[in-house]
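Quick look at protein36.cif (mmCIF, N, CA and C atoms):
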```
data_structure
loop_
_atom_site.label_atom_id
_atom_site.label_comp_id
_atom_site.auth_asym_id
_atom_site.auth_seq_id
_atom_site.Cartn_x
_atom_site.Cartn_y
_atom_site.Cartn_z
N MET A 1 7.77 -13.16 10.25
CA MET A 1 6.86 -12.13 10.70
C MET A 1 5.45 -12.72 10.73
N LYS A 2 4.84 -12.75 11.87
CA LYS A 2 3.50 -13.34 12.03
C LYS A 2 2.53 -12.21 12.39
N LEU A 3 1.64 -11.87 11.46
CA LEU A 3 0.73 -10.76 11.68
C LEU A 3 -0.75 -11.16 11.61
N ASP A 4 -1.05 -12.44 11.37
CA ASP A 4 -2.45 -12.88 11.25
C ASP A 4 -3.26 -12.40 12.45
N GLY A 5 -4.41 -11.78 12.18
CA GLY A 5 -5.29 -11.28 13.23
C GLY A 5 -5.01 -9.86 13.66
N LYS A 6 -3.83 -9.33 13.34
CA LYS A 6 -3.48 -7.96 13.72
C LYS A 6 -4.33 -6.98 12.91
N VAL A 7 -4.64 -5.83 13.52
CA VAL A 7 -5.38 -4.76 12.83
C VAL A 7 -4.51 -3.50 12.86
N ILE A 8 -4.34 -2.88 11.69
CA ILE A 8 -3.61 -1.61 11.62
C ILE A 8 -4.55 -0.52 11.13
N GLU A 9 -4.22 0.71 11.49
CA GLU A 9 -5.02 1.88 11.11
C GLU A 9 -6.47 1.76 11.58
N GLY A 10 -6.74 0.81 12.47
CA GLY A 10 -8.09 0.61 12.96
C GLY A 10 -9.05 0.04 11.93
N LYS A 11 -8.50 -0.40 10.77
CA LYS A 11 -9.41 -0.90 9.73
C LYS A 11 -8.89 -2.05 8.90
N TYR A 12 -7.59 -2.29 8.84
CA TYR A 12 -7.06 -3.38 8.01
C TYR A 12 -6.73 -4.58 8.90
N GLU A 13 -7.49 -5.66 8.75
CA GLU A 13 -7.25 -6.88 9.53
C GLU A 13 -6.47 -7.88 8.69
N PHE A 14 -5.34 -8.34 9.23
CA PHE A 14 -4.50 -9.31 8.53
C PHE A 14 -5.17 -10.67 8.56
N ILE A 15 -5.42 -11.25 7.39
CA ILE A 15 -6.11 -12.52 7.27
C ILE A 15 -5.12 -13.68 7.14
N GLN A 16 -4.22 -13.59 6.16
CA GLN A 16 -3.23 -14.66 5.98
C GLN A 16 -2.04 -14.16 5.19
N GLN A 17 -0.90 -14.80 5.42
CA GLN A 17 0.31 -14.48 4.68
C GLN A 17 0.22 -15.11 3.29
N LEU A 18 0.53 -14.31 2.27
CA LEU A 18 0.49 -14.79 0.89
C LEU A 18 1.86 -15.19 0.37
N GLY A 19 2.89 -14.56 0.89
CA GLY A 19 4.24 -14.86 0.43
C GLY A 19 5.26 -14.04 1.20
N THR A 20 6.51 -14.36 0.96
CA THR A 20 7.59 -13.64 1.63
C THR A 20 8.74 -13.46 0.67
N GLY A 21 9.49 -12.40 0.85
CA GLY A 21 10.61 -12.11 -0.03
C GLY A 21 11.73 -11.42 0.72
N GLY A 22 12.65 -10.86 -0.02
CA GLY A 22 13.83 -10.24 0.57
C GLY A 22 13.53 -9.01 1.41
N MET A 23 12.49 -8.26 1.07
CA MET A 23 12.18 -7.03 1.81
C MET A 23 11.13 -7.22 2.89
N GLY A 24 10.33 -8.26 2.79
CA GLY A 24 9.27 -8.45 3.77
C GLY A 24 8.29 -9.51 3.34
N SER A 25 7.11 -9.45 3.91
CA SER A 25 6.06 -10.42 3.63
C SER A 25 4.82 -9.72 3.09
N VAL A 26 4.06 -10.44 2.27
CA VAL A 26 2.81 -9.91 1.72
C VAL A 26 1.65 -10.67 2.35
N TYR A 27 0.64 -9.92 2.78
CA TYR A 27 -0.52 -10.48 3.45
C TYR A 27 -1.80 -10.08 2.75
N LEU A 28 -2.80 -10.94 2.86
CA LEU A 28 -4.16 -10.59 2.48
C LEU A 28 -4.78 -9.92 3.70
N VAL A 29 -5.36 -8.74 3.51
CA VAL A 29 -6.03 -8.05 4.61
C VAL A 29 -7.45 -7.70 4.20
N LYS A 30 -8.29 -7.54 5.20
CA LYS A 30 -9.68 -7.13 4.95
C LYS A 30 -9.88 -5.74 5.53
N ASP A 31 -10.45 -4.86 4.72
CA ASP A 31 -10.83 -3.54 5.19
C ASP A 31 -12.12 -3.71 5.99
N LEU A 32 -12.04 -3.53 7.29
CA LEU A 32 -13.18 -3.78 8.17
C LEU A 32 -14.31 -2.77 7.97
N LYS A 33 -14.00 -1.62 7.40
CA LYS A 33 -15.03 -0.60 7.18
C LYS A 33 -15.76 -0.81 5.86
N LEU A 34 -15.01 -1.22 4.82
CA LEU A 34 -15.60 -1.38 3.48
C LEU A 34 -15.92 -2.83 3.12
N GLY A 35 -15.30 -3.78 3.83
CA GLY A 35 -15.49 -5.19 3.51
C GLY A 35 -14.70 -5.66 2.30
N THR A 36 -13.77 -4.84 1.83
CA THR A 36 -12.96 -5.19 0.66
C THR A 36 -11.64 -5.81 1.09
N PHE A 37 -10.99 -6.49 0.15
CA PHE A 37 -9.71 -7.14 0.43
C PHE A 37 -8.59 -6.41 -0.29
N TRP A 38 -7.45 -6.34 0.38
CA TRP A 38 -6.26 -5.67 -0.14
C TRP A 38 -5.05 -6.56 0.12
N ALA A 39 -3.97 -6.27 -0.55
CA ALA A 39 -2.69 -6.90 -0.25
C ALA A 39 -1.85 -5.88 0.51
N VAL A 40 -1.15 -6.33 1.52
CA VAL A 40 -0.27 -5.45 2.29
C VAL A 40 1.12 -6.05 2.34
N LYS A 41 2.10 -5.25 1.93
CA LYS A 41 3.49 -5.66 2.09
C LYS A 41 3.97 -5.09 3.42
N ALA A 42 4.39 -5.97 4.31
CA ALA A 42 4.89 -5.57 5.62
C ALA A 42 6.40 -5.68 5.60
N ILE A 43 7.06 -4.57 5.92
CA ILE A 43 8.52 -4.50 5.90
C ILE A 43 8.99 -4.11 7.29
N GLU A 44 9.85 -4.94 7.86
CA GLU A 44 10.37 -4.64 9.20
C GLU A 44 11.25 -3.40 9.15
N LYS A 45 11.06 -2.53 10.14
CA LYS A 45 11.89 -1.33 10.22
C LYS A 45 13.32 -1.72 10.60
N THR A 46 14.26 -0.92 10.12
CA THR A 46 15.65 -1.11 10.51
C THR A 46 15.91 -0.27 11.77
N LYS A 47 17.10 -0.39 12.31
CA LYS A 47 17.46 0.41 13.48
C LYS A 47 17.84 1.84 13.08
N ASP A 48 18.00 2.07 11.78
CA ASP A 48 18.40 3.37 11.25
C ASP A 48 17.15 4.18 10.89
N ALA A 49 16.81 5.16 11.73
CA ALA A 49 15.60 5.97 11.52
C ALA A 49 15.63 6.69 10.17
N LYS A 50 16.80 7.14 9.74
CA LYS A 50 16.92 7.85 8.46
C LYS A 50 16.60 6.90 7.30
N GLU A 51 17.08 5.68 7.38
CA GLU A 51 16.79 4.69 6.33
C GLU A 51 15.28 4.41 6.26
N ASN A 52 14.65 4.28 7.41
CA ASN A 52 13.20 4.05 7.44
C ASN A 52 12.45 5.23 6.82
N LYS A 53 12.88 6.45 7.16
CA LYS A 53 12.25 7.65 6.61
C LYS A 53 12.41 7.70 5.09
N ASN A 54 13.60 7.35 4.60
CA ASN A 54 13.85 7.34 3.15
C ASN A 54 12.96 6.31 2.44
N LEU A 55 12.81 5.14 3.05
CA LEU A 55 11.95 4.11 2.45
C LEU A 55 10.50 4.59 2.38
N LEU A 56 10.02 5.21 3.43
CA LEU A 56 8.65 5.72 3.43
C LEU A 56 8.47 6.79 2.35
N ALA A 57 9.49 7.62 2.14
CA ALA A 57 9.43 8.64 1.09
C ALA A 57 9.38 7.98 -0.29
N GLU A 58 10.16 6.91 -0.48
CA GLU A 58 10.12 6.18 -1.75
C GLU A 58 8.74 5.56 -1.98
N PHE A 59 8.15 5.00 -0.93
CA PHE A 59 6.82 4.41 -1.05
C PHE A 59 5.80 5.47 -1.44
N ASP A 60 5.96 6.68 -0.89
CA ASP A 60 5.05 7.77 -1.21
C ASP A 60 5.14 8.14 -2.69
N VAL A 61 6.35 8.12 -3.25
CA VAL A 61 6.53 8.38 -4.69
C VAL A 61 5.85 7.28 -5.49
N LEU A 62 6.05 6.03 -5.10
CA LEU A 62 5.41 4.90 -5.81
C LEU A 62 3.89 5.00 -5.76
N LYS A 63 3.36 5.51 -4.66
CA LYS A 63 1.91 5.66 -4.51
C LYS A 63 1.33 6.60 -5.56
N LYS A 64 2.13 7.54 -6.02
CA LYS A 64 1.66 8.53 -7.00
C LYS A 64 1.69 8.03 -8.44
N LEU A 65 2.35 6.89 -8.67
CA LEU A 65 2.42 6.34 -10.03
C LEU A 65 1.07 5.77 -10.44
N ASP A 66 0.70 6.01 -11.68
CA ASP A 66 -0.59 5.53 -12.19
C ASP A 66 -0.37 4.93 -13.57
N ASN A 67 -0.32 3.61 -13.62
CA ASN A 67 -0.10 2.89 -14.87
C ASN A 67 -0.75 1.52 -14.74
N ARG A 68 -1.47 1.09 -15.78
CA ARG A 68 -2.17 -0.21 -15.69
C ARG A 68 -1.22 -1.37 -15.50
N ALA A 69 0.05 -1.19 -15.82
CA ALA A 69 1.02 -2.28 -15.67
C ALA A 69 1.53 -2.40 -14.23
N LEU A 70 1.17 -1.45 -13.38
CA LEU A 70 1.63 -1.46 -11.99
C LEU A 70 0.47 -1.72 -11.04
N THR A 71 0.75 -2.43 -9.98
CA THR A 71 -0.25 -2.62 -8.93
C THR A 71 -0.41 -1.30 -8.18
N ARG A 72 -1.64 -0.86 -8.04
CA ARG A 72 -1.92 0.44 -7.42
C ARG A 72 -1.69 0.38 -5.91
N ILE A 73 -0.91 1.33 -5.41
CA ILE A 73 -0.71 1.49 -3.97
C ILE A 73 -1.75 2.49 -3.48
N THR A 74 -2.55 2.09 -2.50
CA THR A 74 -3.63 2.94 -2.03
C THR A 74 -3.34 3.65 -0.72
N ASP A 75 -2.40 3.10 0.06
CA ASP A 75 -2.13 3.68 1.37
C ASP A 75 -0.76 3.23 1.85
N ILE A 76 -0.19 4.00 2.75
CA ILE A 76 1.09 3.67 3.38
C ILE A 76 0.90 3.89 4.88
N SER A 77 1.42 2.98 5.68
CA SER A 77 1.25 3.08 7.12
C SER A 77 2.50 2.57 7.82
N GLU A 78 2.58 2.81 9.10
CA GLU A 78 3.69 2.28 9.90
C GLU A 78 3.27 2.18 11.36
N ASP A 79 3.97 1.33 12.08
CA ASP A 79 3.84 1.26 13.53
C ASP A 79 5.25 1.16 14.09
N ASP A 80 5.39 0.78 15.33
CA ASP A 80 6.72 0.74 15.95
C ASP A 80 7.66 -0.27 15.30
N GLU A 81 7.12 -1.38 14.79
CA GLU A 81 7.96 -2.45 14.26
C GLU A 81 8.06 -2.49 12.74
N ASN A 82 6.99 -2.09 12.05
CA ASN A 82 6.90 -2.32 10.60
C ASN A 82 6.42 -1.10 9.83
N MET A 83 6.70 -1.14 8.52
CA MET A 83 6.11 -0.22 7.55
C MET A 83 5.20 -1.06 6.68
N TYR A 84 4.09 -0.47 6.22
CA TYR A 84 3.10 -1.22 5.46
C TYR A 84 2.76 -0.49 4.16
N ILE A 85 2.72 -1.25 3.08
CA ILE A 85 2.27 -0.72 1.80
C ILE A 85 0.96 -1.42 1.47
N ILE A 86 -0.13 -0.66 1.45
CA ILE A 86 -1.44 -1.23 1.15
C ILE A 86 -1.69 -1.06 -0.34
N MET A 87 -2.01 -2.16 -1.02
CA MET A 87 -2.18 -2.11 -2.47
C MET A 87 -3.33 -3.01 -2.91
N ASP A 88 -3.71 -2.84 -4.18
CA ASP A 88 -4.75 -3.70 -4.75
C ASP A 88 -4.36 -5.16 -4.59
N PHE A 89 -5.34 -5.99 -4.24
CA PHE A 89 -5.12 -7.43 -4.19
C PHE A 89 -5.43 -7.98 -5.57
N VAL A 90 -4.42 -8.57 -6.20
CA VAL A 90 -4.58 -9.15 -7.53
C VAL A 90 -4.51 -10.66 -7.37
N ASP A 91 -5.63 -11.33 -7.64
CA ASP A 91 -5.71 -12.77 -7.46
C ASP A 91 -5.32 -13.49 -8.73
#
```

Rewrite the coordinates I just gave you, this time as structure tokens.
Amino acid sequence: MKLDGKVIEGKYEFIQQLGTGGMGSVYLVKDLKLGTFWAVKAIEKTKDAKENKNLLAEFDVLKKLDNRALTRITDISEDDENMYIIMDFVD
């Protein structure tokens, strides 16, 4: 998955891929409005719309968790090809 240079939500610009795993890839993104950096996990959608909907619902539950041991999820987004989890960038 190559997303460098892509902008989602009109504000998150993909800077570089940080890693890849079984569910997708993690990218460093820049918030063009705030100038801050975030990590985004990009997950390719499946052909099963119900499965995609269930995953987005799970991400929404994770977004509500608040614990210092967990990386904070700040936003969830999607487009035609991918689902995105926007979270704190921990260097």

Name all residues at most 8 Å from range 57-73 of chain A (count only C-alpha atoms; drop same-chain ones fewer than 5 positions away) and give them as a list of chain:residue names.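 Answer for this query is A:Ile85, A:Ile86, A:Met87, A:Asp88, A:Val90.
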
Residues of the last selection are to be written out with N, CA and C atoms, as a short mmCIF file (atom, residue, chain, number, x, y, z; two decimals), in the coordinates of the input.
```cif
data_model
loop_
_atom_site.label_atom_id
_atom_site.label_comp_id
_atom_site.auth_asym_id
_atom_site.auth_seq_id
_atom_site.Cartn_x
_atom_site.Cartn_y
_atom_site.Cartn_z
N ILE A 85 2.72 -1.25 3.08
CA ILE A 85 2.27 -0.72 1.80
C ILE A 85 0.96 -1.42 1.47
N ILE A 86 -0.13 -0.66 1.45
CA ILE A 86 -1.44 -1.23 1.15
C ILE A 86 -1.69 -1.06 -0.34
N MET A 87 -2.01 -2.16 -1.02
CA MET A 87 -2.18 -2.11 -2.47
C MET A 87 -3.33 -3.01 -2.91
N ASP A 88 -3.71 -2.84 -4.18
CA ASP A 88 -4.75 -3.70 -4.75
C ASP A 88 -4.36 -5.16 -4.59
N VAL A 90 -4.42 -8.57 -6.20
CA VAL A 90 -4.58 -9.15 -7.53
C VAL A 90 -4.51 -10.66 -7.37
#
```

Taking the file as I've supplied it (selection: the PyMOL selection byres ((chain A and resi 11) around 6)), which residues are included? Please answer as JSON, numbers by chain.
{"A": [7, 8, 9, 10, 12, 13, 30, 31, 32, 33]}

Please produce a file of those selected residues containing N, CA and C atoms, as a short mmCIF file (atom, residue, chain, number, x, y, z; two decimals), in the coordinates of the input.
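New file again28.cif:
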```
data_model
loop_
_atom_site.label_atom_id
_atom_site.label_comp_id
_atom_site.auth_asym_id
_atom_site.auth_seq_id
_atom_site.Cartn_x
_atom_site.Cartn_y
_atom_site.Cartn_z
N VAL A 7 -4.64 -5.83 13.52
CA VAL A 7 -5.38 -4.76 12.83
C VAL A 7 -4.51 -3.50 12.86
N ILE A 8 -4.34 -2.88 11.69
CA ILE A 8 -3.61 -1.61 11.62
C ILE A 8 -4.55 -0.52 11.13
N GLU A 9 -4.22 0.71 11.49
CA GLU A 9 -5.02 1.88 11.11
C GLU A 9 -6.47 1.76 11.58
N GLY A 10 -6.74 0.81 12.47
CA GLY A 10 -8.09 0.61 12.96
C GLY A 10 -9.05 0.04 11.93
N TYR A 12 -7.59 -2.29 8.84
CA TYR A 12 -7.06 -3.38 8.01
C TYR A 12 -6.73 -4.58 8.90
N GLU A 13 -7.49 -5.66 8.75
CA GLU A 13 -7.25 -6.88 9.53
C GLU A 13 -6.47 -7.88 8.69
N LYS A 30 -8.29 -7.54 5.20
CA LYS A 30 -9.68 -7.13 4.95
C LYS A 30 -9.88 -5.74 5.53
N ASP A 31 -10.45 -4.86 4.72
CA ASP A 31 -10.83 -3.54 5.19
C ASP A 31 -12.12 -3.71 5.99
N LEU A 32 -12.04 -3.53 7.29
CA LEU A 32 -13.18 -3.78 8.17
C LEU A 32 -14.31 -2.77 7.97
N LYS A 33 -14.00 -1.62 7.40
CA LYS A 33 -15.03 -0.60 7.18
C LYS A 33 -15.76 -0.81 5.86
#
```

message: the PyMOL selection byres ((chain A and resi 38) around 5) - which residues does that actually catch in the file I just gave you? List them as a PyMOL selection string.
response: chain A and resi 28-29+36-37+39-40+87-89

Atom pair CA of Lys53 in chain A + atom C of Met1 in chain A, distance 21.9 Å

Between CA of Ala49 in chain A and CA of Val26 in chain A, what is the distance, to one decimal in Å?
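Separation of CA of Ala49 in chain A and CA of Val26 in chain A: 22.6 Å.
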
Atom N of Thr74 in chain A sits from atom C of Asp48 in chain A at a separation of 23.9 Å

Handout entry: From A:Leu56, A:Asp91, A:Ser25, A:Gln16, residue lying nearest Lys41 in chain A [all atoms listed in the file]
Key =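 Closest to Lys41 in chain A of all the choices is A:Ser25.
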